[in-house]
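Structure file my_file.cif (mmCIF, C-alpha atoms) is printed below.
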data_work
#
loop_
_atom_site.group_PDB
_atom_site.id
_atom_site.type_symbol
_atom_site.label_atom_id
_atom_site.label_comp_id
_atom_site.auth_asym_id
_atom_site.auth_seq_id
_atom_site.Cartn_x
_atom_site.Cartn_y
_atom_site.Cartn_z
ATOM 1 C CA MET A 1 -3.855 9.490 -21.698
ATOM 2 C CA ALA A 2 -3.319 5.717 -22.047
ATOM 3 C CA ALA A 3 -6.181 4.970 -19.643
ATOM 4 C CA GLY A 4 -8.579 6.973 -21.776
ATOM 5 C CA LEU A 5 -7.381 5.271 -24.946
ATOM 6 C CA GLU A 6 -7.793 1.880 -23.304
ATOM 7 C CA GLN A 7 -11.393 2.665 -22.399
ATOM 8 C CA ALA A 8 -12.114 3.971 -25.905
ATOM 9 C CA PHE A 9 -10.865 0.723 -27.439
ATOM 10 C CA VAL A 10 -12.921 -1.286 -24.947
ATOM 11 C CA ARG A 11 -16.088 0.652 -25.831
ATOM 12 C CA HIS A 12 -15.599 1.082 -29.582
ATOM 13 C CA GLY A 13 -13.248 -1.705 -30.618
ATOM 14 C CA PHE A 14 -9.979 -1.314 -32.439
ATOM 15 C CA ALA A 15 -11.401 -0.903 -35.924
ATOM 16 C CA ASP A 16 -14.290 1.430 -35.115
ATOM 17 C CA ALA A 17 -12.678 3.943 -32.754
ATOM 18 C CA SER A 18 -12.178 7.133 -34.760
ATOM 19 C CA VAL A 19 -9.233 9.421 -34.166
ATOM 20 C CA ASP A 20 -11.621 12.043 -32.775
ATOM 21 C CA THR A 21 -13.060 9.455 -30.372
ATOM 22 C CA LEU A 22 -9.543 8.498 -29.272
ATOM 23 C CA ARG A 23 -8.501 12.133 -28.847
ATOM 24 C CA GLU A 24 -11.588 12.844 -26.778
ATOM 25 C CA ALA A 25 -11.060 9.742 -24.639
ATOM 26 C CA ALA A 26 -7.433 10.720 -24.042
ATOM 27 C CA SER A 27 -8.578 14.209 -22.969
ATOM 28 C CA VAL A 28 -5.922 15.954 -25.054
ATOM 29 C CA SER A 29 -5.720 17.974 -28.230
ATOM 30 C CA LEU A 30 -5.141 16.171 -31.498
ATOM 31 C CA ARG A 31 -1.711 17.768 -31.685
ATOM 32 C CA MET A 32 -0.790 16.484 -28.211
ATOM 33 C CA LEU A 33 -2.109 13.019 -28.998
ATOM 34 C CA TYR A 34 0.009 12.746 -32.135
ATOM 35 C CA LYS A 35 3.033 14.251 -30.384
ATOM 36 C CA TYR A 36 3.170 11.362 -27.930
ATOM 37 C CA MET A 37 1.583 8.690 -30.102
ATOM 38 C CA PRO A 38 2.292 9.428 -33.762
ATOM 39 C CA SER A 39 0.308 6.484 -35.119
ATOM 40 C CA ARG A 40 -2.801 4.487 -34.349
ATOM 41 C CA VAL A 41 -0.589 1.487 -33.586
ATOM 42 C CA ASP A 42 1.218 3.580 -30.962
ATOM 43 C CA MET A 43 -2.168 4.411 -29.429
ATOM 44 C CA VAL A 44 -3.151 0.746 -29.349
ATOM 45 C CA LEU A 45 0.193 -0.235 -27.810
ATOM 46 C CA ALA A 46 -0.084 2.457 -25.137
ATOM 47 C CA ALA A 47 -3.611 1.334 -24.295
ATOM 48 C CA LEU A 48 -2.549 -2.310 -24.071
ATOM 49 C CA GLU A 49 0.510 -1.521 -21.945
ATOM 50 C CA TYR A 50 -1.788 0.344 -19.579
ATOM 51 C CA ARG A 51 -4.216 -2.592 -19.571
ATOM 52 C CA HIS A 52 -1.367 -5.016 -18.898
ATOM 53 C CA ARG A 53 -0.152 -3.137 -15.822
ATOM 54 C CA TRP A 54 -3.712 -2.747 -14.523
ATOM 55 C CA TYR A 55 -4.579 -6.412 -15.094
ATOM 56 C CA MET A 56 -1.387 -7.642 -13.429
ATOM 57 C CA ALA A 57 -2.056 -5.477 -10.376
ATOM 58 C CA GLU A 58 -5.723 -6.479 -10.127
ATOM 59 C CA MET A 59 -5.107 -10.200 -10.591
ATOM 60 C CA LEU A 60 -1.789 -10.852 -8.933
ATOM 61 C CA ASP A 61 -0.864 -8.182 -6.408
ATOM 62 C CA ASP A 62 -1.486 -8.981 -2.746
ATOM 63 C CA LEU A 63 -2.583 -12.589 -3.192
ATOM 64 C CA LEU A 64 -2.538 -14.608 -0.003
ATOM 65 C CA SER A 65 0.669 -16.519 0.699
ATOM 66 C CA ASP A 66 -1.081 -19.885 1.023
ATOM 67 C CA PRO A 67 -1.075 -21.405 -2.506
ATOM 68 C CA ALA A 68 -4.570 -22.930 -2.189
ATOM 69 C CA GLN A 69 -6.041 -19.632 -1.021
ATOM 70 C CA ALA A 70 -4.127 -17.812 -3.761
ATOM 71 C CA ARG A 71 -5.576 -20.159 -6.433
ATOM 72 C CA ASP A 72 -9.086 -19.593 -5.137
ATOM 73 C CA ALA A 73 -8.625 -15.821 -4.919
ATOM 74 C CA LEU A 74 -7.100 -15.670 -8.396
ATOM 75 C CA MET A 75 -10.094 -17.381 -9.997
ATOM 76 C CA THR A 76 -12.449 -15.107 -8.048
ATOM 77 C CA ARG A 77 -10.506 -12.086 -9.287
ATOM 78 C CA VAL A 78 -10.698 -13.263 -12.893
ATOM 79 C CA GLY A 79 -14.462 -13.574 -12.495
ATOM 80 C CA HIS A 80 -14.715 -10.082 -11.027
ATOM 81 C CA TRP A 81 -12.525 -8.705 -13.826
ATOM 82 C CA MET A 82 -14.771 -10.287 -16.416
ATOM 83 C CA GLN A 83 -17.854 -8.850 -14.761
ATOM 84 C CA SER A 84 -16.507 -5.330 -14.402
ATOM 85 C CA GLU A 85 -13.902 -4.844 -17.134
ATOM 86 C CA ALA A 86 -13.916 -7.481 -19.828
ATOM 87 C CA ALA A 87 -17.333 -8.947 -20.441
ATOM 88 C CA HIS A 88 -16.490 -9.274 -24.152
ATOM 89 C CA GLY A 89 -13.221 -11.147 -23.680
ATOM 90 C CA CYS A 90 -9.524 -10.396 -23.721
ATOM 91 C CA LEU A 91 -8.572 -6.992 -25.106
ATOM 92 C CA PHE A 92 -5.178 -8.329 -26.201
ATOM 93 C CA TYR A 93 -6.737 -11.042 -28.363
ATOM 94 C CA SER A 94 -9.150 -8.463 -29.780
ATOM 95 C CA ALA A 95 -6.260 -6.196 -30.759
ATOM 96 C CA VAL A 96 -4.442 -9.016 -32.546
ATOM 97 C CA ALA A 97 -7.673 -10.086 -34.266
ATOM 98 C CA ALA A 98 -8.141 -6.526 -35.545
ATOM 99 C CA ASP A 99 -4.593 -6.423 -36.963
ATOM 100 C CA PRO A 100 -3.382 -10.029 -37.331
ATOM 101 C CA ALA A 101 -0.309 -9.180 -39.395
ATOM 102 C CA ASN A 102 1.089 -6.844 -36.733
ATOM 103 C CA ALA A 103 4.058 -8.646 -35.176
ATOM 104 C CA THR A 104 4.394 -6.029 -32.434
ATOM 105 C CA LEU A 105 0.838 -6.631 -31.230
ATOM 106 C CA ARG A 106 1.387 -10.382 -31.349
ATOM 107 C CA ALA A 107 4.577 -10.020 -29.298
ATOM 108 C CA LEU A 108 2.734 -7.889 -26.738
ATOM 109 C CA LEU A 109 -0.014 -10.519 -26.468
ATOM 110 C CA GLU A 110 2.612 -13.237 -25.953
ATOM 111 C CA ARG A 111 4.469 -11.183 -23.329
ATOM 112 C CA HIS A 112 1.233 -10.405 -21.485
ATOM 113 C CA LYS A 113 0.171 -14.056 -21.338
ATOM 114 C CA TYR A 114 3.689 -15.185 -20.390
ATOM 115 C CA GLU A 115 3.883 -12.704 -17.517
ATOM 116 C CA VAL A 116 0.396 -13.630 -16.312
ATOM 117 C CA ALA A 117 1.286 -17.330 -16.341
ATOM 118 C CA THR A 118 4.651 -16.792 -14.671
ATOM 119 C CA ARG A 119 3.330 -14.682 -11.810
ATOM 120 C CA ALA A 120 0.195 -16.802 -11.399
ATOM 121 C CA THR A 121 2.126 -20.060 -11.141
ATOM 122 C CA LEU A 122 4.509 -18.603 -8.571
ATOM 123 C CA ALA A 123 1.650 -17.248 -6.469
ATOM 124 C CA THR A 124 -0.349 -20.476 -6.598
ATOM 125 C CA GLY A 125 2.414 -23.035 -6.115
ATOM 126 C CA LEU A 126 2.006 -24.389 -9.650
ATOM 127 C CA GLU A 127 5.427 -23.390 -10.990
ATOM 128 C CA ARG A 128 5.712 -26.346 -13.360
ATOM 129 C CA GLN A 129 2.191 -26.074 -14.713
ATOM 130 C CA GLY A 130 2.079 -22.601 -16.223
ATOM 131 C CA VAL A 131 0.413 -23.612 -19.459
ATOM 132 C CA ALA A 132 -2.262 -25.616 -17.640
ATOM 133 C CA LEU A 133 -2.998 -22.780 -15.211
ATOM 134 C CA LEU A 134 -3.121 -20.258 -18.048
ATOM 135 C CA LEU A 135 -5.462 -22.589 -19.911
ATOM 136 C CA ILE A 136 -7.823 -22.604 -16.899
ATOM 137 C CA MET A 137 -7.699 -18.807 -16.685
ATOM 138 C CA GLU A 138 -8.271 -18.428 -20.434
ATOM 139 C CA TRP A 139 -11.131 -20.908 -20.341
ATOM 140 C CA LEU A 140 -12.659 -18.898 -17.508
ATOM 141 C CA THR A 141 -12.449 -15.656 -19.494
ATOM 142 C CA GLN A 142 -14.120 -17.320 -22.475
ATOM 143 C CA THR A 143 -16.887 -19.075 -20.556
ATOM 144 C CA TRP A 144 -17.649 -16.389 -17.983
ATOM 145 C CA PRO A 145 -20.008 -14.455 -20.329
ATOM 146 C CA LEU A 146 -22.172 -17.569 -20.647
ATOM 147 C CA HIS A 147 -21.849 -19.142 -17.212
ATOM 148 C CA GLY A 148 -20.758 -16.414 -14.769
ATOM 149 C CA ASP A 149 -20.213 -17.667 -11.225
ATOM 150 C CA GLU A 150 -20.624 -21.282 -12.315
ATOM 151 C CA ALA A 151 -17.558 -20.873 -14.537
ATOM 152 C CA VAL A 152 -15.612 -19.364 -11.622
ATOM 153 C CA SER A 153 -16.528 -22.338 -9.415
ATOM 154 C CA ALA A 154 -15.485 -24.796 -12.121
ATOM 155 C CA ALA A 155 -12.174 -22.952 -12.612
ATOM 156 C CA LYS A 156 -11.505 -23.121 -8.865
ATOM 157 C CA HIS A 157 -12.190 -26.861 -8.946
ATOM 158 C CA LEU A 158 -9.874 -27.376 -11.924
ATOM 159 C CA ALA A 159 -7.085 -25.311 -10.345
ATOM 160 C CA ALA A 160 -7.376 -27.322 -7.104
ATOM 161 C CA ALA A 161 -7.300 -30.558 -9.089
ATOM 162 C CA LEU A 162 -4.221 -29.335 -10.976
ATOM 163 C CA ALA A 163 -2.478 -28.735 -7.660
ATOM 164 C CA THR A 164 -3.247 -32.209 -6.350
ATOM 165 C CA GLY A 165 -2.695 -33.981 -9.643
ATOM 166 C CA GLN A 166 -6.263 -35.303 -9.555
ATOM 167 C CA PRO A 167 -8.681 -34.797 -12.479
#
Any chance you could give the structure as structure tokens?
Amino acid sequence: MAAGLEQAFVRHGFADASVDTLREAASVSLRMLYKYMPSRVDMVLAALEYRHRWYMAEMLDDLLSDPAQARDALMTRVGHWMQSEAAHGCLFYSAVAADPANATLRALLERHKYEVATRATLATGLERQGVALLLIMEWLTQTWPLHGDEAVSAAKHLAAALATGQP
């Protein structure tokens, strides 16, 4: 159900997805949808939780043990994710933009980014540079729609420079 909701929000946005569209995407009756997710916010949260687990697995599971290879693979994975799943940017930021006063959505965004940074820094040997590594990843997600593979290459260069302490 959450996977279908996630795809509906990707395709239609958070403001424009009608309840009927969400019900259809979840492949359940309206009654069943509201039984498990009594509000639109619950539907958004379920979709984002699903997206979080999927993103974490796609980006950070099974990275190579060598930190340099892990950094390179991580940036490649972000590029592939952008190409296949997120050409319009981060779904978490989009959700918060659609409902900026929602503290629960904001907390979910913060948790998602924190967990990404924490796991990414451990995998890449950059434990003390979580904000900088997250900044590179975020920059890549924002510039990929304009620059594609060139942005991935630049992100790899920046991540390598971060590891060596060289600009």
_At a cut-off of 8 Å, using all atoms listed in the file, what residues contact Leu60 in chain A? Leave out same-chain residues fewer than 2 positions from it and give the result as a ChimeraX atom specification._
/A:56-58,62-63,74,119-120,123
*Any idea what's packed within 10 Å of Gln142 in chain A, counting only C-alpha atoms, ignoring anything in its chain fewer than 3 positions away? Could you give it as an MDAnalysis selection string?*
chainID A and resid 82 87:90 136:139 145:147 151
*asked:* For range 108-112 of chain A, find every residue with an atom within 8 Å (counting only C-alpha atoms), except residues of its own chain fewer than 5 positions away, and show them as a list in words.
replied: His52, Phe92, Tyr93 and Val96 of chain A
*Selected residue of minimal separation from Val41 in chain A among A:Thr104, A:Ser65, A:Ser29, A:Gln166, counting all atoms listed in the file*: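 Smallest distance to Val41 in chain A is found for A:Thr104.
Between CA of Glu49 in chain A and CA of Ser18 in chain A the separation is 20.0 Å.
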Generate the coordinates of N, CA, C and O atoms for range 102-127 of chain A; report them as a short mmCIF file (atom, residue, chain, number, x, y, z; two decimals), keeping the file's coordinate frame.
data_model
loop_
_atom_site.label_atom_id
_atom_site.label_comp_id
_atom_site.auth_asym_id
_atom_site.auth_seq_id
_atom_site.Cartn_x
_atom_site.Cartn_y
_atom_site.Cartn_z
N ASN A 102 0.23 -7.71 -37.52
CA ASN A 102 1.09 -6.84 -36.73
C ASN A 102 1.90 -7.66 -35.73
O ASN A 102 1.37 -8.12 -34.71
N ALA A 103 3.18 -7.84 -36.02
CA ALA A 103 4.06 -8.65 -35.18
C ALA A 103 4.26 -8.02 -33.80
O ALA A 103 4.43 -8.73 -32.80
N THR A 104 4.22 -6.70 -33.72
CA THR A 104 4.39 -6.03 -32.43
C THR A 104 3.22 -6.32 -31.50
O THR A 104 3.42 -6.60 -30.32
N LEU A 105 2.01 -6.29 -32.04
CA LEU A 105 0.84 -6.63 -31.23
C LEU A 105 0.89 -8.09 -30.78
O LEU A 105 0.58 -8.40 -29.63
N ARG A 106 1.28 -8.95 -31.68
CA ARG A 106 1.39 -10.38 -31.35
C ARG A 106 2.42 -10.59 -30.24
O ARG A 106 2.18 -11.36 -29.30
N ALA A 107 3.54 -9.90 -30.32
CA ALA A 107 4.58 -10.02 -29.30
C ALA A 107 4.07 -9.50 -27.95
O ALA A 107 4.38 -10.07 -26.90
N LEU A 108 3.30 -8.43 -27.98
CA LEU A 108 2.73 -7.89 -26.74
C LEU A 108 1.74 -8.87 -26.13
O LEU A 108 1.74 -9.09 -24.91
N LEU A 109 0.91 -9.48 -26.95
CA LEU A 109 -0.01 -10.52 -26.47
C LEU A 109 0.77 -11.65 -25.82
O LEU A 109 0.45 -12.09 -24.70
N GLU A 110 1.81 -12.14 -26.49
CA GLU A 110 2.61 -13.24 -25.95
C GLU A 110 3.28 -12.85 -24.64
O GLU A 110 3.29 -13.64 -23.69
N ARG A 111 3.83 -11.64 -24.57
CA ARG A 111 4.47 -11.18 -23.33
C ARG A 111 3.46 -11.09 -22.21
O ARG A 111 3.71 -11.52 -21.08
N HIS A 112 2.28 -10.54 -22.50
CA HIS A 112 1.23 -10.40 -21.48
C HIS A 112 0.86 -11.77 -20.93
O HIS A 112 0.85 -11.98 -19.71
N LYS A 113 0.58 -12.73 -21.80
CA LYS A 113 0.17 -14.06 -21.34
C LYS A 113 1.31 -14.76 -20.60
O LYS A 113 1.08 -15.45 -19.60
N TYR A 114 2.53 -14.59 -21.07
CA TYR A 114 3.69 -15.18 -20.39
C TYR A 114 3.83 -14.63 -18.98
O TYR A 114 4.02 -15.38 -18.02
N GLU A 115 3.74 -13.32 -18.84
CA GLU A 115 3.88 -12.70 -17.52
C GLU A 115 2.73 -13.09 -16.59
O GLU A 115 2.94 -13.31 -15.40
N VAL A 116 1.53 -13.18 -17.12
CA VAL A 116 0.40 -13.63 -16.31
C VAL A 116 0.67 -15.04 -15.81
O VAL A 116 0.55 -15.33 -14.62
N ALA A 117 1.04 -15.93 -16.73
CA ALA A 117 1.29 -17.33 -16.34
C ALA A 117 2.43 -17.45 -15.34
O ALA A 117 2.32 -18.19 -14.35
N THR A 118 3.50 -16.71 -15.56
CA THR A 118 4.65 -16.79 -14.67
C THR A 118 4.30 -16.34 -13.26
O THR A 118 4.56 -17.05 -12.28
N ARG A 119 3.69 -15.18 -13.14
CA ARG A 119 3.33 -14.68 -11.81
C ARG A 119 2.25 -15.53 -11.17
O ARG A 119 2.27 -15.77 -9.96
N ALA A 120 1.28 -15.99 -11.95
CA ALA A 120 0.20 -16.80 -11.40
C ALA A 120 0.72 -18.13 -10.87
O ALA A 120 0.31 -18.58 -9.80
N THR A 121 1.61 -18.77 -11.61
CA THR A 121 2.13 -20.06 -11.14
C THR A 121 2.97 -19.90 -9.88
O THR A 121 2.89 -20.74 -8.98
N LEU A 122 3.73 -18.84 -9.79
CA LEU A 122 4.51 -18.60 -8.57
C LEU A 122 3.61 -18.36 -7.37
O LEU A 122 3.85 -18.87 -6.28
N ALA A 123 2.56 -17.59 -7.57
CA ALA A 123 1.65 -17.25 -6.47
C ALA A 123 0.82 -18.44 -6.01
O ALA A 123 0.41 -18.50 -4.85
N THR A 124 0.57 -19.38 -6.91
CA THR A 124 -0.35 -20.48 -6.60
C THR A 124 0.35 -21.80 -6.33
O THR A 124 -0.31 -22.82 -6.13
N GLY A 125 1.68 -21.80 -6.36
CA GLY A 125 2.41 -23.04 -6.12
C GLY A 125 2.38 -24.01 -7.28
O GLY A 125 2.62 -25.20 -7.10
N LEU A 126 2.11 -23.53 -8.47
CA LEU A 126 2.01 -24.39 -9.65
C LEU A 126 3.10 -24.06 -10.66
O LEU A 126 2.87 -24.01 -11.87
N GLU A 127 4.33 -23.87 -10.16
CA GLU A 127 5.43 -23.39 -10.99
C GLU A 127 5.67 -24.22 -12.25
O GLU A 127 6.07 -23.69 -13.27
#
